[in-house]
>>> print(open('final_10.pdb').read())   # PDB, C-alpha atoms
ATOM      1  CA  MET A  12      14.775 103.735 -25.865  1.00  0.00           C
ATOM      2  CA  MET A  13      18.076 102.445 -24.423  1.00  0.00           C
ATOM      3  CA  ALA A  14      18.178 105.379 -21.964  1.00  0.00           C
ATOM      4  CA  SER A  15      14.576 104.708 -20.901  1.00  0.00           C
ATOM      5  CA  MET A  16      15.351 101.050 -20.221  1.00  0.00           C
ATOM      6  CA  CYS A  17      18.394 101.992 -18.119  1.00  0.00           C
ATOM      7  CA  LEU A  18      16.317 104.414 -16.077  1.00  0.00           C
ATOM      8  CA  LEU A  19      13.582 101.835 -15.495  1.00  0.00           C
ATOM      9  CA  SER A  20      16.092  99.154 -14.494  1.00  0.00           C
ATOM     10  CA  ALA A  21      17.845 101.605 -12.163  1.00  0.00           C
ATOM     11  CA  CYS A  22      14.592 102.144 -10.266  1.00  0.00           C
ATOM     12  CA  ALA A  23      14.517  98.448  -9.376  1.00  0.00           C
ATOM     13  CA  LEU A  24      18.085  98.343  -8.043  1.00  0.00           C
ATOM     14  CA  PRO A  25      18.624  97.899  -4.283  1.00  0.00           C
ATOM     15  CA  ARG A  26      18.932 101.157  -2.343  1.00  0.00           C
ATOM     16  CA  SER A  27      20.792 101.999   0.842  1.00  0.00           C
ATOM     17  CA  GLY A  28      17.677 103.499   2.444  1.00  0.00           C
ATOM     18  CA  PRO A  29      14.393 105.332   1.967  1.00  0.00           C
ATOM     19  CA  THR A  30      14.246 108.535  -0.042  1.00  0.00           C
ATOM     20  CA  LYS A  31      13.586 111.889   1.543  1.00  0.00           C
ATOM     21  CA  ASN A  32      10.025 111.939   0.209  1.00  0.00           C
ATOM     22  CA  GLU A  33       9.360 108.469   1.639  1.00  0.00           C
ATOM     23  CA  ILE A  34      10.616 109.556   5.068  1.00  0.00           C
ATOM     24  CA  PHE A  35       8.475 112.676   5.105  1.00  0.00           C
ATOM     25  CA  GLY A  36       5.540 110.654   3.810  1.00  0.00           C
ATOM     26  CA  GLY A  37       5.436 108.873   7.163  1.00  0.00           C
ATOM     27  CA  ALA A  38       5.405 112.099   9.193  1.00  0.00           C
ATOM     28  CA  VAL A  39       2.476 112.914  11.473  1.00  0.00           C
ATOM     29  CA  GLU A  40       1.786 116.045   9.416  1.00  0.00           C
ATOM     30  CA  ARG A  41       1.084 113.832   6.415  1.00  0.00           C
ATOM     31  CA  GLY A  42      -1.012 111.248   8.213  1.00  0.00           C
ATOM     32  CA  GLY A  43       1.840 109.004   9.332  1.00  0.00           C
ATOM     33  CA  ASN A  44       2.920 108.035  12.847  1.00  0.00           C
ATOM     34  CA  ALA A  45       6.512 109.360  12.933  1.00  0.00           C
ATOM     35  CA  GLN A  46       7.798 112.635  14.339  1.00  0.00           C
ATOM     36  CA  VAL A  47      10.208 113.976  11.737  1.00  0.00           C
ATOM     37  CA  ILE A  48      12.395 116.778  13.036  1.00  0.00           C
ATOM     38  CA  TYR A  49      14.899 118.910  11.172  1.00  0.00           C
ATOM     39  CA  VAL A  50      18.186 118.973  13.074  1.00  0.00           C
ATOM     40  CA  ASN A  51      19.219 122.589  13.515  1.00  0.00           C
ATOM     41  CA  ASP A  52      21.090 124.582  16.162  1.00  0.00           C
ATOM     42  CA  HIS A  53      18.029 124.815  18.404  1.00  0.00           C
ATOM     43  CA  VAL A  54      17.433 121.052  18.333  1.00  0.00           C
ATOM     44  CA  THR A  55      21.124 120.392  18.951  1.00  0.00           C
ATOM     45  CA  ARG A  56      21.159 122.591  22.059  1.00  0.00           C
ATOM     46  CA  ALA A  57      17.904 121.127  23.391  1.00  0.00           C
ATOM     47  CA  SER A  58      19.034 117.541  22.913  1.00  0.00           C
ATOM     48  CA  SER A  59      22.553 117.974  24.270  1.00  0.00           C
ATOM     49  CA  PHE A  60      21.807 115.997  27.413  1.00  0.00           C
ATOM     50  CA  VAL A  61      24.112 113.711  29.355  1.00  0.00           C
ATOM     51  CA  PRO A  62      22.700 111.703  32.275  1.00  0.00           C
ATOM     52  CA  SER A  63      24.055 113.108  35.505  1.00  0.00           C
ATOM     53  CA  PHE A  64      25.235 110.338  37.787  1.00  0.00           C
ATOM     54  CA  GLY A  65      26.751 110.561  41.227  1.00  0.00           C
ATOM     55  CA  PHE A  66      26.654 109.236  44.769  1.00  0.00           C
ATOM     56  CA  SER A  67      24.493 110.740  47.500  1.00  0.00           C
ATOM     57  CA  SER A  68      25.861 111.994  50.814  1.00  0.00           C
ATOM     58  CA  THR A  69      24.887 108.649  52.355  1.00  0.00           C
ATOM     59  CA  PHE A  70      27.524 106.950  50.218  1.00  0.00           C
ATOM     60  CA  ARG A  71      30.103 109.746  50.380  1.00  0.00           C
ATOM     61  CA  ASN A  72      29.978 110.134  54.167  1.00  0.00           C
ATOM     62  CA  ALA A  73      30.311 106.432  54.972  1.00  0.00           C
ATOM     63  CA  GLY A  74      33.649 105.794  56.646  1.00  0.00           C
ATOM     64  CA  GLN A  75      36.034 103.079  55.623  1.00  0.00           C
ATOM     65  CA  VAL A  76      35.636  99.681  57.189  1.00  0.00           C
ATOM     66  CA  GLY A  77      38.340  98.845  59.659  1.00  0.00           C
ATOM     67  CA  ALA A  78      40.254  96.189  57.772  1.00  0.00           C
ATOM     68  CA  ASP A  79      41.372  94.520  61.010  1.00  0.00           C
ATOM     69  CA  GLU A  80      37.997  94.521  62.750  1.00  0.00           C
ATOM     70  CA  ILE A  81      36.574  91.031  63.165  1.00  0.00           C
ATOM     71  CA  ARG A  82      32.925  90.541  62.215  1.00  0.00           C
ATOM     72  CA  ALA A  83      30.330  87.796  62.469  1.00  0.00           C
ATOM     73  CA  GLY A  84      30.958  85.342  59.644  1.00  0.00           C
ATOM     74  CA  ASP A  85      34.717  85.897  59.534  1.00  0.00           C
ATOM     75  CA  ARG A  86      37.032  82.940  59.741  1.00  0.00           C
ATOM     76  CA  LEU A  87      40.042  82.938  62.056  1.00  0.00           C
ATOM     77  CA  ALA A  88      43.210  80.911  62.343  1.00  0.00           C
ATOM     78  CA  LEU A  89      44.815  80.443  65.777  1.00  0.00           C
ATOM     79  CA  SER A  90      48.316  79.309  66.655  1.00  0.00           C
ATOM     80  CA  ILE A  91      49.015  78.529  70.314  1.00  0.00           C
ATOM     81  CA  TRP A  92      52.425  77.787  71.850  1.00  0.00           C
ATOM     82  CA  GLU A  93      52.744  76.286  75.338  1.00  0.00           C
ATOM     83  CA  ASN A  94      55.816  76.397  77.515  1.00  0.00           C
ATOM     84  CA  VAL A  95      55.469  72.798  78.726  1.00  0.00           C
ATOM     85  CA  ASP A  96      56.246  69.392  77.261  1.00  0.00           C
ATOM     86  CA  ASP A  97      52.730  68.018  77.688  1.00  0.00           C
ATOM     87  CA  GLY A  98      50.419  70.965  77.156  1.00  0.00           C
ATOM     88  CA  LEU A  99      46.674  71.370  77.119  1.00  0.00           C
ATOM     89  CA  LEU A 100      46.399  71.729  73.357  1.00  0.00           C
ATOM     90  CA  THR A 101      49.745  70.553  72.032  1.00  0.00           C
ATOM     91  CA  SER A 102      50.706  66.956  71.385  1.00  0.00           C
ATOM     92  CA  ILE A 103      53.680  65.183  72.893  1.00  0.00           C
ATOM     93  CA  GLY A 104      56.912  66.395  71.334  1.00  0.00           C
ATOM     94  CA  SER A 105      55.352  69.552  69.969  1.00  0.00           C
ATOM     95  CA  SER A 106      54.925  72.935  71.606  1.00  0.00           C
ATOM     96  CA  GLN A 107      52.571  74.401  69.027  1.00  0.00           C
ATOM     97  CA  ALA A 108      48.872  73.804  68.293  1.00  0.00           C
ATOM     98  CA  GLN A 109      47.122  74.993  65.164  1.00  0.00           C
ATOM     99  CA  ILE A 110      43.396  75.752  65.223  1.00  0.00           C
ATOM    100  CA  SER A 111      42.381  76.844  61.734  1.00  0.00           C
ATOM    101  CA  GLU A 112      39.108  77.841  60.118  1.00  0.00           C
ATOM    102  CA  ILE A 113      37.250  78.945  63.236  1.00  0.00           C
ATOM    103  CA  GLN A 114      34.143  80.797  62.066  1.00  0.00           C
ATOM    104  CA  VAL A 115      32.754  83.644  64.134  1.00  0.00           C
ATOM    105  CA  ASP A 116      29.112  82.798  64.841  1.00  0.00           C
ATOM    106  CA  SER A 117      26.135  85.087  64.224  1.00  0.00           C
ATOM    107  CA  ASP A 118      26.407  86.453  67.780  1.00  0.00           C
ATOM    108  CA  GLY A 119      30.077  87.332  67.274  1.00  0.00           C
ATOM    109  CA  PHE A 120      31.629  84.563  69.412  1.00  0.00           C
ATOM    110  CA  ILE A 121      34.134  81.748  68.873  1.00  0.00           C
ATOM    111  CA  PHE A 122      34.946  78.747  71.027  1.00  0.00           C
ATOM    112  CA  VAL A 123      38.551  78.077  72.030  1.00  0.00           C
ATOM    113  CA  PRO A 124      39.368  74.921  74.016  1.00  0.00           C
ATOM    114  CA  TYR A 125      40.183  75.730  77.647  1.00  0.00           C
ATOM    115  CA  ALA A 126      39.446  79.402  77.028  1.00  0.00           C
ATOM    116  CA  GLY A 127      35.737  78.914  76.508  1.00  0.00           C
ATOM    117  CA  ARG A 128      33.374  81.045  74.470  1.00  0.00           C
ATOM    118  CA  VAL A 129      35.167  84.250  73.531  1.00  0.00           C
ATOM    119  CA  ARG A 130      33.678  87.336  71.926  1.00  0.00           C
ATOM    120  CA  ALA A 131      35.579  88.036  68.695  1.00  0.00           C
ATOM    121  CA  ALA A 132      33.363  90.475  66.769  1.00  0.00           C
ATOM    122  CA  GLY A 133      34.322  94.103  67.281  1.00  0.00           C
ATOM    123  CA  ASN A 134      37.898  93.242  68.250  1.00  0.00           C
ATOM    124  CA  SER A 135      41.015  93.371  66.148  1.00  0.00           C
ATOM    125  CA  PRO A 136      43.133  90.200  65.899  1.00  0.00           C
ATOM    126  CA  GLU A 137      45.578  91.764  68.369  1.00  0.00           C
ATOM    127  CA  GLN A 138      42.837  92.504  70.900  1.00  0.00           C
ATOM    128  CA  LEU A 139      41.421  88.989  70.550  1.00  0.00           C
ATOM    129  CA  ARG A 140      44.911  87.559  71.010  1.00  0.00           C
ATOM    130  CA  GLY A 141      45.171  89.333  74.357  1.00  0.00           C
ATOM    131  CA  VAL A 142      41.799  87.991  75.548  1.00  0.00           C
ATOM    132  CA  ILE A 143      42.628  84.388  74.630  1.00  0.00           C
ATOM    133  CA  THR A 144      46.115  84.634  76.138  1.00  0.00           C
ATOM    134  CA  GLU A 145      44.676  85.898  79.428  1.00  0.00           C
ATOM    135  CA  ARG A 146      42.160  83.077  79.637  1.00  0.00           C
ATOM    136  CA  LEU A 147      44.656  80.351  78.764  1.00  0.00           C
ATOM    137  CA  SER A 148      47.151  81.693  81.309  1.00  0.00           C
ATOM    138  CA  VAL A 149      44.911  80.294  84.032  1.00  0.00           C
ATOM    139  CA  GLN A 150      45.277  76.783  82.556  1.00  0.00           C
ATOM    140  CA  THR A 151      48.863  76.699  81.221  1.00  0.00           C
ATOM    141  CA  PRO A 152      51.968  78.756  82.058  1.00  0.00           C
ATOM    142  CA  ASP A 153      52.957  81.607  79.752  1.00  0.00           C
ATOM    143  CA  PRO A 154      50.981  80.678  76.615  1.00  0.00           C
ATOM    144  CA  GLN A 155      51.757  82.479  73.358  1.00  0.00           C
ATOM    145  CA  VAL A 156      48.872  83.070  70.956  1.00  0.00           C
ATOM    146  CA  SER A 157      48.695  84.265  67.357  1.00  0.00           C
ATOM    147  CA  VAL A 158      45.400  85.255  65.694  1.00  0.00           C
ATOM    148  CA  ALA A 159      45.020  85.739  61.930  1.00  0.00           C
ATOM    149  CA  ARG A 160      41.877  86.918  60.171  1.00  0.00           C
ATOM    150  CA  VAL A 161      41.098  84.768  57.123  1.00  0.00           C
ATOM    151  CA  ALA A 162      38.813  86.119  54.390  1.00  0.00           C
ATOM    152  CA  GLY A 163      35.319  84.900  55.241  1.00  0.00           C
ATOM    153  CA  ASP A 164      31.685  85.904  55.053  1.00  0.00           C
ATOM    154  CA  GLY A 165      31.894  88.822  57.452  1.00  0.00           C
ATOM    155  CA  ALA A 166      32.981  91.857  55.428  1.00  0.00           C
ATOM    156  CA  THR A 167      32.441  91.064  51.759  1.00  0.00           C
ATOM    157  CA  VAL A 168      30.975  92.692  48.649  1.00  0.00           C
ATOM    158  CA  SER A 169      29.600  91.203  45.432  1.00  0.00           C
ATOM    159  CA  VAL A 170      30.980  92.377  42.081  1.00  0.00           C
ATOM    160  CA  MET A 171      28.923  91.603  38.963  1.00  0.00           C
ATOM    161  CA  GLY A 172      28.538  92.644  35.338  1.00  0.00           C
ATOM    162  CA  ARG A 173      31.213  93.603  32.846  1.00  0.00           C
ATOM    163  CA  VAL A 174      34.284  92.987  34.971  1.00  0.00           C
ATOM    164  CA  GLY A 175      37.247  90.687  34.574  1.00  0.00           C
ATOM    165  CA  GLY A 176      36.164  88.362  37.371  1.00  0.00           C
ATOM    166  CA  GLN A 177      32.709  88.330  38.920  1.00  0.00           C
ATOM    167  CA  GLY A 178      32.488  87.074  42.471  1.00  0.00           C
ATOM    168  CA  VAL A 179      32.308  87.790  46.186  1.00  0.00           C
ATOM    169  CA  TYR A 180      35.377  89.576  47.527  1.00  0.00           C
ATOM    170  CA  PRO A 181      36.423  90.413  51.103  1.00  0.00           C
ATOM    171  CA  ILE A 182      36.946  93.992  52.163  1.00  0.00           C
ATOM    172  CA  GLU A 183      40.595  93.990  53.079  1.00  0.00           C
ATOM    173  CA  ARG A 184      43.059  96.777  53.739  1.00  0.00           C
ATOM    174  CA  PRO A 185      43.937  97.263  50.004  1.00  0.00           C
ATOM    175  CA  THR A 186      40.304  96.948  48.807  1.00  0.00           C
ATOM    176  CA  ARG A 187      38.309  99.270  51.029  1.00  0.00           C
ATOM    177  CA  SER A 188      37.344 101.696  48.231  1.00  0.00           C
ATOM    178  CA  LEU A 189      35.288 101.253  45.058  1.00  0.00           C
ATOM    179  CA  SER A 190      38.150 101.715  42.580  1.00  0.00           C
ATOM    180  CA  SER A 191      40.451  99.287  44.385  1.00  0.00           C
ATOM    181  CA  MET A 192      37.700  96.655  44.574  1.00  0.00           C
ATOM    182  CA  LEU A 193      37.093  96.968  40.818  1.00  0.00           C
ATOM    183  CA  ALA A 194      40.809  96.425  40.296  1.00  0.00           C
ATOM    184  CA  ARG A 195      40.652  93.387  42.575  1.00  0.00           C
ATOM    185  CA  ALA A 196      37.846  91.983  40.395  1.00  0.00           C
ATOM    186  CA  GLY A 197      40.032  92.127  37.301  1.00  0.00           C
ATOM    187  CA  GLY A 198      39.101  95.607  36.119  1.00  0.00           C
ATOM    188  CA  VAL A 199      36.360  96.657  33.730  1.00  0.00           C
ATOM    189  CA  ALA A 200      35.887  94.486  30.639  1.00  0.00           C
ATOM    190  CA  ILE A 201      34.346  97.197  28.414  1.00  0.00           C
ATOM    191  CA  PRO A 202      35.676 100.516  27.088  1.00  0.00           C
ATOM    192  CA  PRO A 203      35.927 102.936  30.054  1.00  0.00           C
ATOM    193  CA  GLU A 204      34.045 105.714  28.245  1.00  0.00           C
ATOM    194  CA  VAL A 205      30.805 103.658  28.133  1.00  0.00           C
ATOM    195  CA  ALA A 206      31.098 101.987  31.548  1.00  0.00           C
ATOM    196  CA  VAL A 207      28.589 102.855  34.283  1.00  0.00           C
ATOM    197  CA  VAL A 208      29.220 101.628  37.846  1.00  0.00           C
ATOM    198  CA  THR A 209      26.245 101.043  40.153  1.00  0.00           C
ATOM    199  CA  VAL A 210      26.528 100.425  43.900  1.00  0.00           C
ATOM    200  CA  LYS A 211      23.514  99.030  45.778  1.00  0.00           C
ATOM    201  CA  ARG A 212      23.591  99.317  49.561  1.00  0.00           C
ATOM    202  CA  GLY A 213      20.395  98.242  51.302  1.00  0.00           C
ATOM    203  CA  ASN A 214      17.618 100.454  49.918  1.00  0.00           C
ATOM    204  CA  GLU A 215      20.091 103.011  48.529  1.00  0.00           C
ATOM    205  CA  THR A 216      21.460 102.976  44.976  1.00  0.00           C
ATOM    206  CA  GLY A 217      24.219 105.153  43.527  1.00  0.00           C
ATOM    207  CA  ARG A 218      25.555 105.310  39.989  1.00  0.00           C
ATOM    208  CA  VAL A 219      28.616 106.924  38.431  1.00  0.00           C
ATOM    209  CA  TRP A 220      30.445 107.001  35.105  1.00  0.00           C
ATOM    210  CA  LEU A 221      33.707 105.086  35.349  1.00  0.00           C
ATOM    211  CA  ALA A 222      35.562 108.126  33.985  1.00  0.00           C
ATOM    212  CA  ASP A 223      34.086 110.284  36.780  1.00  0.00           C
ATOM    213  CA  LEU A 224      35.054 107.667  39.345  1.00  0.00           C
ATOM    214  CA  TYR A 225      38.706 108.016  38.401  1.00  0.00           C
ATOM    215  CA  SER A 226      38.665 111.777  37.853  1.00  0.00           C
ATOM    216  CA  SER A 227      36.990 112.749  41.139  1.00  0.00           C
ATOM    217  CA  PRO A 228      38.156 111.366  44.501  1.00  0.00           C
ATOM    218  CA  ASN A 229      34.714 112.080  45.979  1.00  0.00           C
ATOM    219  CA  ASN A 230      33.247 109.353  43.771  1.00  0.00           C
ATOM    220  CA  ASP A 231      35.698 106.743  45.033  1.00  0.00           C
ATOM    221  CA  ILE A 232      33.442 105.839  47.946  1.00  0.00           C
ATOM    222  CA  ALA A 233      34.302 103.577  50.861  1.00  0.00           C
ATOM    223  CA  LEU A 234      32.686 100.158  50.653  1.00  0.00           C
ATOM    224  CA  ARG A 235      30.524  98.566  53.314  1.00  0.00           C
ATOM    225  CA  PRO A 236      29.817  94.866  53.986  1.00  0.00           C
ATOM    226  CA  GLY A 237      27.002  93.615  51.766  1.00  0.00           C
ATOM    227  CA  ASP A 238      27.479  96.146  48.951  1.00  0.00           C
ATOM    228  CA  LEU A 239      26.546  95.013  45.444  1.00  0.00           C
ATOM    229  CA  ILE A 240      28.684  96.493  42.650  1.00  0.00           C
ATOM    230  CA  VAL A 241      27.418  96.187  39.077  1.00  0.00           C
ATOM    231  CA  VAL A 242      29.329  97.369  35.993  1.00  0.00           C
ATOM    232  CA  GLU A 243      27.152  97.912  32.916  1.00  0.00           C
ATOM    233  CA  GLU A 244      27.541  99.364  29.452  1.00  0.00           C
ATOM    234  CA  ASP A 245      25.730 102.606  28.612  1.00  0.00           C
ATOM    235  CA  GLN A 246      22.592 101.508  26.772  1.00  0.00           C
ATOM    236  CA  ARG A 247      21.820 104.794  24.984  1.00  0.00           C
ATOM    237  CA  ASN A 248      21.710 104.466  21.205  1.00  0.00           C
ATOM    238  CA  PHE A 249      20.240 105.918  18.027  1.00  0.00           C
ATOM    239  CA  THR A 250      18.827 104.408  14.844  1.00  0.00           C
ATOM    240  CA  ALA A 251      20.467 105.437  11.568  1.00  0.00           C
ATOM    241  CA  LEU A 252      18.368 105.438   8.371  1.00  0.00           C
ATOM    242  CA  GLY A 253      18.824 106.740   4.866  1.00  0.00           C
ATOM    243  CA  ALA A 254      21.729 106.658   2.453  1.00  0.00           C
ATOM    244  CA  LEU A 255      24.339 105.689   5.044  1.00  0.00           C
ATOM    245  CA  GLY A 256      25.419 102.381   3.629  1.00  0.00           C
ATOM    246  CA  GLY A 257      23.677 100.584   6.487  1.00  0.00           C
ATOM    247  CA  GLN A 258      20.488 100.999   8.505  1.00  0.00           C
ATOM    248  CA  THR A 259      21.034  99.905  12.067  1.00  0.00           C
ATOM    249  CA  ARG A 260      20.854 100.778  15.734  1.00  0.00           C
ATOM    250  CA  VAL A 261      24.102 102.430  16.804  1.00  0.00           C
ATOM    251  CA  PRO A 262      25.351 102.733  20.410  1.00  0.00           C
ATOM    252  CA  LEU A 263      26.501 106.201  21.358  1.00  0.00           C
ATOM    253  CA  GLY A 264      29.915 104.907  22.323  1.00  0.00           C
ATOM    254  CA  ASN A 265      30.630 107.903  24.530  1.00  0.00           C
ATOM    255  CA  GLU A 266      28.982 110.293  26.965  1.00  0.00           C
ATOM    256  CA  MET A 267      28.850 112.947  24.220  1.00  0.00           C
ATOM    257  CA  ILE A 268      28.466 112.535  20.485  1.00  0.00           C
ATOM    258  CA  ASN A 269      28.136 114.982  17.592  1.00  0.00           C
ATOM    259  CA  ALA A 270      27.054 114.576  14.010  1.00  0.00           C
TER     260      ALA A 270
END
>>> encode(input="final_10.pdb", output="structure tokens")
Amino acid sequence: MMASMCLLSACALPRSGPTKNEIFGGAVERGGNAQVIYVNDHVTRASSFVPSFGFSSTFRNAGQVGADEIRAGDRLALSIWENVDDGLLTSIGSSQAQISEIQVDSDGFIFVPYAGRVRAAGNSPEQLRGVITERLSVQTPDPQVSVARVAGDGATVSVMGRVGGQGVYPIERPTRSLSSMLARAGGVAIPPEVAVVTVKRGNETGRVWLADLYSSPNNDIALRPGDLIVVEEDQRNFTALGALGGQTRVPLGNEMINA
């Protein structure tokens, strides 16, 4: 009698999961709505699938942006020295004039006092310096001009998702490639083995595993103004049932996973 009572009480104890018979009772073959499949070598080979990501030739063949090329939306800082005591732009007692935060308009031009409307887009700072110097030379003797390109709205990309610092970043000489721009944004904030990097450029979209980005130079594409970079975590997962100590949805945690 004592043994019978123990057995009956044991049946009411909490279990870690359904029994084998309960699982198969829900199979389609027995009138249920679940596809129950025995995992054997054939199933393992058929299901050994890893999404193949990569960039198209459109992304791979795009050349690097000239870091010194001025574009519409860029901001410039000018310094002008005049070789006279009372110059056109300088104040009395000073030979230098600072003109900061000049934004290149949508047509690619800037306005410089006494030099007029000057085309800046398409030129490097050195080329623009020569144009402004030539125009000012008509108004003041031997002017000296310095042009600096300040990070602006001209050549920028947006970085979003699981990175250290989301934001809009300029394409500069050290950040003209995808990997260097990710580093500029604080790096990836999730384990590298589950990170997927997506680049959207106009109507084109490319995607690559972070590990493949670092292992293959061909995946380290050159960035273009207006690119959108999104870092996401691999969303593939499986649901674990049965006597596992816990029934839950489990992320794969890697490109490949075995039993």
>>> residues_around(input="final_10.pdb", residues="range 72-77 of chain A", least_positions_apart="3", cutoff="7 Å", atoms="only C-alpha atoms", output="list of chain:residue names")
A:Ser68, A:Thr69, A:Glu80, A:Arg187, A:Ala233, A:Leu234, A:Arg235
>>> axis_aligned_box(input="final_10.pdb", around="range 169-180 of chain A", padding_each_side="6 Å", output="AutoDock Vina command-line options")
--center_x 32.9 --center_y 90.3 --center_z 40.2 --size_x 20.7 --size_y 18.5 --size_z 26.7
>>> atom_distance(input="final_10.pdb", atom1="CA of Ile48 in chain A", atom2="CA of Val205 in chain A")
27.2 Å
>>> resolve_selection(input="final_10.pdb", expression="the PyMOL selection byres ((chain A and resi 210) around 12)", output="compact mmCIF listing (two decimals) with C-alpha atoms, in the frame of the given file")
# COMPACT_ATOMS: atom_id res chain seq x y z
CA PHE A 64 25.24 110.34 37.79
CA GLY A 65 26.75 110.56 41.23
CA PHE A 66 26.65 109.24 44.77
CA SER A 67 24.49 110.74 47.50
CA THR A 69 24.89 108.65 52.36
CA PHE A 70 27.52 106.95 50.22
CA ARG A 71 30.10 109.75 50.38
CA VAL A 168 30.98 92.69 48.65
CA SER A 169 29.60 91.20 45.43
CA VAL A 170 30.98 92.38 42.08
CA MET A 171 28.92 91.60 38.96
CA GLY A 172 28.54 92.64 35.34
CA SER A 188 37.34 101.70 48.23
CA LEU A 189 35.29 101.25 45.06
CA SER A 190 38.15 101.72 42.58
CA MET A 192 37.70 96.66 44.57
CA LEU A 193 37.09 96.97 40.82
CA VAL A 207 28.59 102.86 34.28
CA VAL A 208 29.22 101.63 37.85
CA THR A 209 26.24 101.04 40.15
CA LYS A 211 23.51 99.03 45.78
CA ARG A 212 23.59 99.32 49.56
CA GLY A 213 20.40 98.24 51.30
CA ASN A 214 17.62 100.45 49.92
CA GLU A 215 20.09 103.01 48.53
CA THR A 216 21.46 102.98 44.98
CA GLY A 217 24.22 105.15 43.53
CA ARG A 218 25.56 105.31 39.99
CA VAL A 219 28.62 106.92 38.43
CA TRP A 220 30.44 107.00 35.10
CA ASN A 230 33.25 109.35 43.77
CA ASP A 231 35.70 106.74 45.03
CA ILE A 232 33.44 105.84 47.95
CA ALA A 233 34.30 103.58 50.86
CA LEU A 234 32.69 100.16 50.65
CA ARG A 235 30.52 98.57 53.31
CA PRO A 236 29.82 94.87 53.99
CA GLY A 237 27.00 93.62 51.77
CA ASP A 238 27.48 96.15 48.95
CA LEU A 239 26.55 95.01 45.44
CA ILE A 240 28.68 96.49 42.65
CA VAL A 241 27.42 96.19 39.08
CA VAL A 242 29.33 97.37 35.99
CA GLU A 243 27.15 97.91 32.92
>>> closest_residue(input="final_10.pdb", among="A:Ala132, A:Val39, A:Ile34, A:Leu224", to="Asp85 in chain A", atoms="all atoms listed in the file")
A:Ala132
>>> residues_near_point(input="final_10.pdb", point="(34.4, 80.0, 72.1)", cutoff="12 Å", atoms="all atoms listed in the file", output="list in words")
Leu87, Ile113, Gln114, Val115, Asp116, Asp118, Gly119, Phe120, Ile121, Phe122, Val123, Pro124, Tyr125, Ala126, Gly127, Arg128, Val129, Arg130, Ala131, Ala132, Leu139, Val142, Ile143 and Arg146 of chain A
>>> closest_residue(input="final_10.pdb", among="A:Ser226, A:Gln150, A:Glu244, A:Val95", to="Val174 in chain A", atoms="all atoms listed in the file")
A:Glu244
>>> atom_distance(input="final_10.pdb", atom1="CA of Ile81 in chain A", atom2="CA of Ala166 in chain A")
8.6 Å
>>> atom_distance(input="final_10.pdb", atom1="CA of Glu204 in chain A", atom2="CA of Pro228 in chain A")
17.7 Å
>>> resolve_selection(input="final_10.pdb", expression="the PyMOL selection byres ((chain A and resi 158) around 9)", output="list in words")
Leu87, Ala88, Leu89, Ser90, Ile91, Pro136, Glu137, Leu139, Arg140, Val156, Ser157, Ala159 and Arg160 of chain A
>>> residues_around(input="final_10.pdb", residues="range 249-252 of chain A", least_positions_apart="4", cutoff="8 Å", atoms="only C-alpha atoms", output="MDAnalysis selection string")
chainID A and resid 28:29 257:263
>>> closest_residue(input="final_10.pdb", among="A:Thr151, A:Ser191, A:Tyr225, A:His53", to="Asp96 in chain A", atoms="all atoms listed in the file")
A:Thr151
>>> residues_around(input="final_10.pdb", residues="Gly98 in chain A", least_positions_apart="2", cutoff="12 Å", atoms="all atoms listed in the file", output="PDB file with C-alpha atoms, keeping the file's coordinate frame")
ATOM      1  CA  ILE A  91      49.015  78.529  70.314  1.00  0.00           C
ATOM      2  CA  TRP A  92      52.425  77.787  71.850  1.00  0.00           C
ATOM      3  CA  GLU A  93      52.744  76.286  75.338  1.00  0.00           C
ATOM      4  CA  ASN A  94      55.816  76.397  77.515  1.00  0.00           C
ATOM      5  CA  VAL A  95      55.469  72.798  78.726  1.00  0.00           C
ATOM      6  CA  ASP A  96      56.246  69.392  77.261  1.00  0.00           C
ATOM      7  CA  LEU A 100      46.399  71.729  73.357  1.00  0.00           C
ATOM      8  CA  THR A 101      49.745  70.553  72.032  1.00  0.00           C
ATOM      9  CA  SER A 102      50.706  66.956  71.385  1.00  0.00           C
ATOM     10  CA  ILE A 103      53.680  65.183  72.893  1.00  0.00           C
ATOM     11  CA  GLY A 104      56.912  66.395  71.334  1.00  0.00           C
ATOM     12  CA  SER A 105      55.352  69.552  69.969  1.00  0.00           C
ATOM     13  CA  SER A 106      54.925  72.935  71.606  1.00  0.00           C
ATOM     14  CA  GLN A 107      52.571  74.401  69.027  1.00  0.00           C
ATOM     15  CA  ALA A 108      48.872  73.804  68.293  1.00  0.00           C
ATOM     16  CA  TYR A 125      40.183  75.730  77.647  1.00  0.00           C
ATOM     17  CA  LEU A 147      44.656  80.351  78.764  1.00  0.00           C
ATOM     18  CA  SER A 148      47.151  81.693  81.309  1.00  0.00           C
ATOM     19  CA  GLN A 150      45.277  76.783  82.556  1.00  0.00           C
ATOM     20  CA  THR A 151      48.863  76.699  81.221  1.00  0.00           C
ATOM     21  CA  PRO A 152      51.968  78.756  82.058  1.00  0.00           C
ATOM     22  CA  ASP A 153      52.957  81.607  79.752  1.00  0.00           C
ATOM     23  CA  PRO A 154      50.981  80.678  76.615  1.00  0.00           C
TER      24      PRO A 154
END
>>> closest_residue(input="final_10.pdb", among="A:Thr167, A:Asn229, A:Thr30, A:Ser58", to="Val179 in chain A", atoms="all atoms listed in the file")
A:Thr167
